[in-house]
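For reference, model-v9.cif is printed below; it contains mmCIF, C-alpha atoms.
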data_model
#
loop_
_atom_site.label_atom_id
_atom_site.label_comp_id
_atom_site.auth_asym_id
_atom_site.auth_seq_id
_atom_site.Cartn_x
_atom_site.Cartn_y
_atom_site.Cartn_z
CA GLU A 266 0.00 0.00 0.00
CA THR A 267 1.67 3.19 -1.21
CA GLY A 268 -0.97 5.68 -0.12
CA VAL A 269 -1.92 6.39 -3.73
CA THR A 270 -5.18 4.81 -4.88
CA GLN A 271 -6.29 4.55 -8.49
CA THR A 272 -9.69 3.56 -9.79
CA PRO A 273 -10.78 1.68 -11.73
CA ARG A 274 -8.09 -1.01 -11.90
CA HIS A 275 -9.29 -2.16 -15.29
CA LEU A 276 -11.23 -0.32 -17.97
CA VAL A 277 -12.46 -1.36 -21.38
CA MET A 278 -13.88 1.35 -23.57
CA GLY A 279 -14.89 1.91 -27.13
CA MET A 280 -13.37 4.59 -29.28
CA THR A 281 -16.43 6.82 -28.92
CA ASN A 282 -16.80 6.51 -25.16
CA LYS A 283 -15.95 9.07 -22.53
CA LYS A 284 -14.47 7.83 -19.28
CA SER A 285 -12.40 9.15 -16.40
CA LEU A 286 -9.56 7.73 -14.36
CA LYS A 287 -9.31 8.75 -10.74
CA CYS A 288 -6.30 9.07 -8.48
CA GLU A 289 -6.36 9.88 -4.78
CA GLN A 290 -3.52 10.43 -2.32
CA HIS A 291 -3.71 11.20 1.37
CA LEU A 292 0.00 11.62 1.90
CA GLY A 293 -0.11 15.39 2.02
CA HIS A 294 1.91 15.62 -1.16
CA ASN A 295 1.97 18.74 -3.29
CA ALA A 296 2.85 17.22 -6.68
CA MET A 297 0.92 14.68 -8.71
CA TYR A 298 1.71 13.00 -12.00
CA TRP A 299 0.14 10.94 -14.76
CA TYR A 300 2.31 8.39 -16.55
CA LYS A 301 1.53 6.06 -19.43
CA GLN A 302 3.17 2.66 -19.81
CA SER A 303 2.55 0.80 -23.05
CA ALA A 304 3.51 -2.83 -23.42
CA LYS A 305 7.27 -3.33 -23.57
CA LYS A 306 7.91 0.43 -23.36
CA PRO A 307 9.30 2.68 -20.65
CA LEU A 308 7.05 4.88 -18.59
CA GLU A 309 6.13 8.09 -20.35
CA LEU A 310 5.38 11.18 -18.31
CA MET A 311 2.13 12.79 -19.43
CA PHE A 312 1.25 15.55 -16.98
CA VAL A 313 2.61 17.14 -13.84
CA TYR A 314 0.59 19.11 -11.32
CA SER A 315 2.14 21.13 -8.53
CA LEU A 316 -0.10 22.73 -5.91
CA GLU A 317 -3.07 21.99 -8.19
CA GLU A 318 -1.55 23.86 -11.11
CA ARG A 319 -0.54 22.04 -14.27
CA VAL A 320 3.15 22.66 -14.73
CA GLU A 321 4.03 20.17 -17.41
CA ASN A 322 2.26 18.72 -20.41
CA ASN A 323 4.48 16.47 -22.50
CA SER A 324 2.85 16.87 -25.92
CA VAL A 325 -0.08 14.71 -24.93
CA PRO A 326 -2.99 14.55 -27.42
CA SER A 327 -6.05 16.58 -26.45
CA ARG A 328 -8.14 13.43 -26.14
CA PHE A 329 -6.48 13.15 -22.71
CA SER A 330 -7.63 15.89 -20.38
CA PRO A 331 -6.29 16.08 -16.81
CA GLU A 332 -8.00 17.74 -13.90
CA CYS A 333 -6.72 18.44 -10.40
CA PRO A 334 -9.57 19.83 -8.24
CA ASN A 335 -7.52 19.74 -5.04
CA SER A 336 -4.15 18.53 -3.83
CA SER A 337 -5.47 15.06 -3.00
CA HIS A 338 -7.25 14.20 -6.22
CA LEU A 339 -6.23 13.89 -9.83
CA PHE A 340 -8.37 12.84 -12.77
CA LEU A 341 -7.62 11.89 -16.34
CA HIS A 342 -10.61 12.39 -18.62
CA LEU A 343 -10.60 10.26 -21.74
CA HIS A 344 -12.58 10.78 -24.93
CA THR A 345 -12.39 9.54 -28.49
CA LEU A 346 -9.41 7.34 -27.73
CA GLN A 347 -7.56 5.20 -30.23
CA PRO A 348 -6.59 1.53 -29.88
CA GLU A 349 -2.95 2.58 -29.51
CA ASP A 350 -3.92 4.36 -26.31
CA SER A 351 -4.37 0.99 -24.64
CA ALA A 352 -1.84 0.94 -21.82
CA LEU A 353 -1.30 0.99 -18.08
CA TYR A 354 -1.97 4.48 -16.75
CA LEU A 355 -0.16 5.28 -13.55
CA CYS A 356 -0.66 8.07 -11.11
CA ALA A 357 2.11 9.16 -8.76
CA SER A 358 2.61 11.78 -6.10
CA SER A 359 5.58 13.35 -4.35
CA GLN A 360 6.10 15.79 -1.52
CA THR A 361 7.44 18.45 -3.88
CA ARG A 362 8.42 18.74 -7.52
CA TRP A 363 12.08 18.43 -6.66
CA THR A 364 13.67 16.13 -9.17
CA ASN A 365 15.03 13.69 -6.61
CA GLU A 366 11.88 13.56 -4.51
CA LYS A 367 10.62 10.05 -3.85
CA LEU A 368 7.69 9.15 -6.08
CA PHE A 369 4.77 7.13 -4.74
CA PHE A 370 2.87 5.29 -7.45
CA GLY A 371 -0.59 3.84 -7.52
CA SER A 372 -1.30 0.38 -8.92
CA GLY A 373 -2.51 1.84 -12.17
CA THR A 374 -5.50 1.50 -14.45
CA GLN A 375 -5.12 -1.06 -17.23
CA LEU A 376 -6.96 0.51 -20.15
CA SER A 377 -8.09 -1.33 -23.25
CA VAL A 378 -9.52 0.65 -26.14
CA LEU A 379 -11.55 -1.41 -28.59
CA LEU B 211 19.22 14.89 -18.33
CA ALA B 212 22.00 12.48 -17.46
CA LYS B 213 21.54 9.28 -19.44
CA THR B 214 21.72 5.93 -17.73
CA THR B 215 22.70 2.56 -19.14
CA GLN B 216 21.87 -0.71 -17.44
CA PRO B 217 21.62 -4.33 -18.60
CA ILE B 218 18.37 -5.26 -20.30
CA SER B 219 17.98 -8.47 -18.31
CA MET B 220 19.58 -10.66 -15.67
CA ASP B 221 18.90 -14.11 -14.30
CA SER B 222 19.69 -15.34 -10.82
CA TYR B 223 18.98 -18.34 -8.63
CA GLU B 224 17.17 -18.00 -5.35
CA GLY B 225 19.41 -17.22 -2.42
CA GLN B 226 22.09 -15.52 -4.47
CA GLU B 227 23.19 -11.93 -4.20
CA VAL B 228 22.34 -9.90 -7.28
CA ASN B 229 24.26 -6.83 -8.36
CA ILE B 230 22.83 -4.56 -11.06
CA THR B 231 25.19 -1.91 -12.34
CA CYS B 232 24.09 1.34 -13.92
CA SER B 233 26.31 3.71 -15.88
CA HIS B 234 25.71 7.44 -15.74
CA ASN B 235 28.82 9.04 -17.18
CA ASN B 236 27.32 12.52 -17.44
CA ILE B 237 25.97 12.75 -13.92
CA ALA B 238 25.87 16.32 -12.65
CA THR B 239 27.10 17.55 -9.29
CA ASN B 240 23.59 17.96 -7.92
CA ASP B 241 22.21 14.65 -9.20
CA TYR B 242 21.20 11.83 -6.93
CA ILE B 243 20.91 8.21 -8.03
CA THR B 244 17.55 6.58 -7.43
CA TRP B 245 16.39 3.01 -7.96
CA TYR B 246 12.83 1.78 -8.37
CA GLN B 247 11.34 -1.71 -8.61
CA GLN B 248 8.31 -2.57 -10.72
CA PHE B 249 6.22 -5.73 -10.71
CA PRO B 250 3.95 -6.52 -13.68
CA SER B 251 0.78 -4.43 -13.85
CA GLN B 252 1.81 -2.31 -10.88
CA GLY B 253 3.42 1.07 -10.41
CA PRO B 254 7.12 1.35 -9.64
CA ARG B 255 8.17 1.31 -6.00
CA PHE B 256 11.06 3.33 -4.58
CA ILE B 257 13.90 1.11 -3.38
CA ILE B 258 16.86 3.27 -2.52
CA GLN B 259 18.56 6.57 -3.24
CA GLY B 260 22.10 7.78 -2.78
CA TYR B 261 24.55 10.52 -3.62
CA LYS B 262 27.93 8.96 -2.88
CA THR B 263 29.68 6.03 -1.19
CA LYS B 264 27.27 3.46 0.21
CA VAL B 265 23.65 3.49 1.27
CA THR B 266 21.89 0.55 2.87
CA ASN B 267 18.30 -0.06 3.88
CA GLU B 268 16.19 -3.08 4.73
CA VAL B 269 15.75 -3.95 1.06
CA ALA B 270 19.02 -3.24 -0.74
CA SER B 271 22.40 -1.58 -0.78
CA LEU B 272 23.61 1.03 -3.20
CA PHE B 273 27.30 1.39 -3.95
CA ILE B 274 28.55 4.56 -5.61
CA PRO B 275 32.25 4.99 -6.46
CA ALA B 276 34.05 8.25 -5.91
CA ASP B 277 33.67 9.44 -9.52
CA ARG B 278 29.91 8.74 -9.38
CA LYS B 279 29.87 7.68 -13.02
CA SER B 280 28.24 4.39 -12.13
CA SER B 281 26.32 2.78 -9.31
CA THR B 282 25.50 -0.76 -8.26
CA LEU B 283 22.28 -1.93 -6.70
CA SER B 284 22.86 -4.98 -4.55
CA LEU B 285 20.01 -7.28 -3.57
CA PRO B 286 21.04 -9.79 -0.91
CA ARG B 287 19.76 -13.38 -1.12
CA VAL B 288 17.06 -12.86 -3.72
CA SER B 289 13.82 -14.82 -3.71
CA LEU B 290 11.27 -15.53 -6.44
CA SER B 291 9.33 -12.47 -5.32
CA ASP B 292 12.23 -10.24 -6.34
CA THR B 293 11.50 -11.00 -9.99
CA ALA B 294 10.76 -7.53 -11.36
CA VAL B 295 12.09 -4.70 -13.48
CA TYR B 296 14.63 -2.46 -11.75
CA TYR B 297 15.11 1.13 -12.89
CA CYS B 298 18.13 3.32 -12.30
CA LEU B 299 17.35 7.03 -12.54
CA VAL B 300 19.53 10.09 -12.38
CA GLY B 301 18.04 13.55 -12.10
CA ASP B 302 18.62 16.79 -13.89
CA GLY B 303 21.09 18.71 -11.80
CA ASP B 304 20.27 22.03 -13.41
CA SER B 305 16.64 23.00 -12.88
CA GLY B 306 15.91 20.91 -9.85
CA ASN B 307 12.28 20.40 -10.85
CA THR B 308 12.57 18.24 -13.92
CA PRO B 309 10.89 14.87 -13.32
CA LEU B 310 13.05 11.79 -13.50
CA VAL B 311 12.94 9.88 -16.79
CA PHE B 312 12.38 6.14 -16.61
CA GLY B 313 14.37 4.05 -19.08
CA LYS B 314 13.79 0.43 -19.99
CA GLY B 315 15.25 -0.88 -16.75
CA THR B 316 16.75 -4.27 -15.99
CA ARG B 317 14.42 -7.24 -15.99
CA LEU B 318 15.55 -9.56 -13.19
CA SER B 319 14.33 -13.13 -13.28
CA VAL B 320 14.87 -15.20 -10.16
CA ILE B 321 14.84 -18.92 -10.72
CA ALA B 322 14.14 -21.58 -8.11
#

Kindly present the structure from the file in structure tokens form.
Amino acid sequence: ETGVTQTPRHLVMGMTNKKSLKCEQHLGHNAMYWYKQSAKKPLELMFVYSLEERVENNSVPSRFSPECPNSSHLFLHLHTLQPEDSALYLCASSQTRWTNEKLFFGSGTQLSVL
Amino acid sequence: LAKTTQPISMDSYEGQEVNITCSHNNIATNDYITWYQQFPSQGPRFIIQGYKTKVTNEVASLFIPADRKSSTLSLPRVSLSDTAVYYCLVGDGDSGNTPLVFGKGTRLSVIA
């Protein structure tokens, strides 16, 4: 148990669906992250939030829309996804944005786009 | 960002000590060296972090030579449950806020 909870654990959606991934942390951390991990590929950083403000967006397609309503919650809204978006989506948090800060990851949402 | 190089895969028998070496020739003065472990379909888990010499915790040891151009993660007496991917990460010593970049890691397979 890392203190970072992601729901749902598994999600199957069609290309025309709209769904949301949820991440929750009660560690008192100020930074939260979304990562994508495709099969056989390294983790790719998607978004970084610091103190509820988006501070990094790594050229992610607009069909992925993050939301951070407060320091404990992070959402990733999905719409009109493509089959190549099927992957493990991981949320992480850290005390600060400092590069060497310890990251706490959730268990991820395994997404399949049909 | 300082680039890291580590073996793609390693095999070990249960009960053996496993040493995974990571090269980071361009490490900056302010960079730390951090290792994570990842099991299939789970998020990575922090194992250990160090700046120089030796760091030890309940899970592993990290050896860093004086020039800091490499580091070695040592796992004592591995078990089947240590089968995972191990990532070596080195930060960006300039900005201080650049997130660590995960590479492909080392896939450790522990055999009974």

Output check: residues returned by the PyMOL selection byres ((chain B and resi 219) around 6), as JSON, numbers by chain: {"B": [217, 218, 220, 316, 317, 318]}

Selection above as a file: C-alpha atoms, as an mmCIF file, keeping the file's coordinate frame:
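part.cif written:
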data_model
loop_
_atom_site.group_PDB
_atom_site.id
_atom_site.type_symbol
_atom_site.label_atom_id
_atom_site.label_comp_id
_atom_site.auth_asym_id
_atom_site.auth_seq_id
_atom_site.Cartn_x
_atom_site.Cartn_y
_atom_site.Cartn_z
ATOM 1 C CA PRO B 217 21.620 -4.330 -18.600
ATOM 2 C CA ILE B 218 18.370 -5.260 -20.300
ATOM 3 C CA MET B 220 19.580 -10.660 -15.670
ATOM 4 C CA THR B 316 16.750 -4.270 -15.990
ATOM 5 C CA ARG B 317 14.420 -7.240 -15.990
ATOM 6 C CA LEU B 318 15.550 -9.560 -13.190
#

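Relative to atom CA of B:Thr266, atom CA of B:Pro250 is found at 25.4 Å.
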
Selection as a ChimeraX atom specification: residues within 8 Å of (-4.4, 17.9, -18.4), counting only C-alpha atoms: /A:312,319,322,329-332,341

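Comparing the minimum interatomic distances between chain B and each of A:Leu353, A:Met297, A:Leu276, A:Met311, counting only C-alpha atoms, we find that A:Leu353 sits nearest.
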
Explicit residue set for the PyMOL selection byres ((chain B) within 7 of (chain A)), as a VMD selection string: chain B and resid 242 252 to 256 301 to 302 306 to 310 312 to 314

Separating atom CA of A:Pro273 from atom CA of A:His338, to the nearest tenth of an Å, is a gap of 14.1 Å

To box stretch 312-317 of chain A, take all atoms listed in the file, fit an axis-aligned box, add 5 Å on each side, and give centre and edge lengths in Å to one decimal, as JSON.
{"center_x": -0.2, "center_y": 19.1, "center_z": -11.4, "size_x": 15.7, "size_y": 17.2, "size_z": 21.1}

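The set of residues that the PyMOL selection byres ((chain A and resi 360) around 6) takes from this file is A:His294, A:Asn295, A:Ser359, A:Thr361.
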
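Relative to atom CA of B:Val311, atom CA of B:Ile274 is found at 19.9 Å.
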
Please list, as a VMD selection string, the residues that have an atom at most 10 Å away from (16.0, -0.1, -0.9) in the coordinates of this file, counting all atoms listed in the file. chain B and resid 244 to 247 255 to 259 265 to 272 283 to 285

Of A:Val378, A:Ser315, A:Ser303, A:Met278, the one sitting nearest A:Ser337 when using all atoms listed in the file is A:Ser315

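Excluding stretch 227-240 of chain B and any residue on its chain fewer than 2 positions from it, the residues at most 8 Å away by all atoms listed in the file are Ala212, Lys213, Thr214, Thr215, Gln216, Pro217, Ser222, Gly225, Tyr242, Arg278, Lys279, Ser280, Ser281, Thr282, Leu283, Ser284, Leu285, Pro286, Arg287, Val288, Cys298, Val300, Asp302, Gly303, Asp304 and Thr316 of chain B.
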
Serialized selection, C-alpha atoms, as a compact mmCIF listing (two decimals), in the frame of the given file:
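Dumped everything to again.txt:
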# COMPACT_ATOMS: atom_id res chain seq x y z
CA ALA B 212 22.00 12.48 -17.46
CA LYS B 213 21.54 9.28 -19.44
CA THR B 214 21.72 5.93 -17.73
CA THR B 215 22.70 2.56 -19.14
CA GLN B 216 21.87 -0.71 -17.44
CA PRO B 217 21.62 -4.33 -18.60
CA SER B 222 19.69 -15.34 -10.82
CA GLY B 225 19.41 -17.22 -2.42
CA TYR B 242 21.20 11.83 -6.93
CA ARG B 278 29.91 8.74 -9.38
CA LYS B 279 29.87 7.68 -13.02
CA SER B 280 28.24 4.39 -12.13
CA SER B 281 26.32 2.78 -9.31
CA THR B 282 25.50 -0.76 -8.26
CA LEU B 283 22.28 -1.93 -6.70
CA SER B 284 22.86 -4.98 -4.55
CA LEU B 285 20.01 -7.28 -3.57
CA PRO B 286 21.04 -9.79 -0.91
CA ARG B 287 19.76 -13.38 -1.12
CA VAL B 288 17.06 -12.86 -3.72
CA CYS B 298 18.13 3.32 -12.30
CA VAL B 300 19.53 10.09 -12.38
CA ASP B 302 18.62 16.79 -13.89
CA GLY B 303 21.09 18.71 -11.80
CA ASP B 304 20.27 22.03 -13.41
CA THR B 316 16.75 -4.27 -15.99

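Among the candidate residues A:Leu339, A:Glu266, A:Trp299, A:Leu346, the one lying nearest to A:Asn323 is A:Trp299, with distances computed using all atoms listed in the file.
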
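Using all atoms listed in the file, the nearest neighbour of A:Thr345 within the list A:Leu286, A:Leu379, A:Val269, A:Val320 is A:Leu379.
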
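Comparing the minimum interatomic distances between A:Glu349 and each of A:His291, A:Lys284, A:His275, A:Lys301, counting all atoms listed in the file, we find that A:Lys301 sits nearest.
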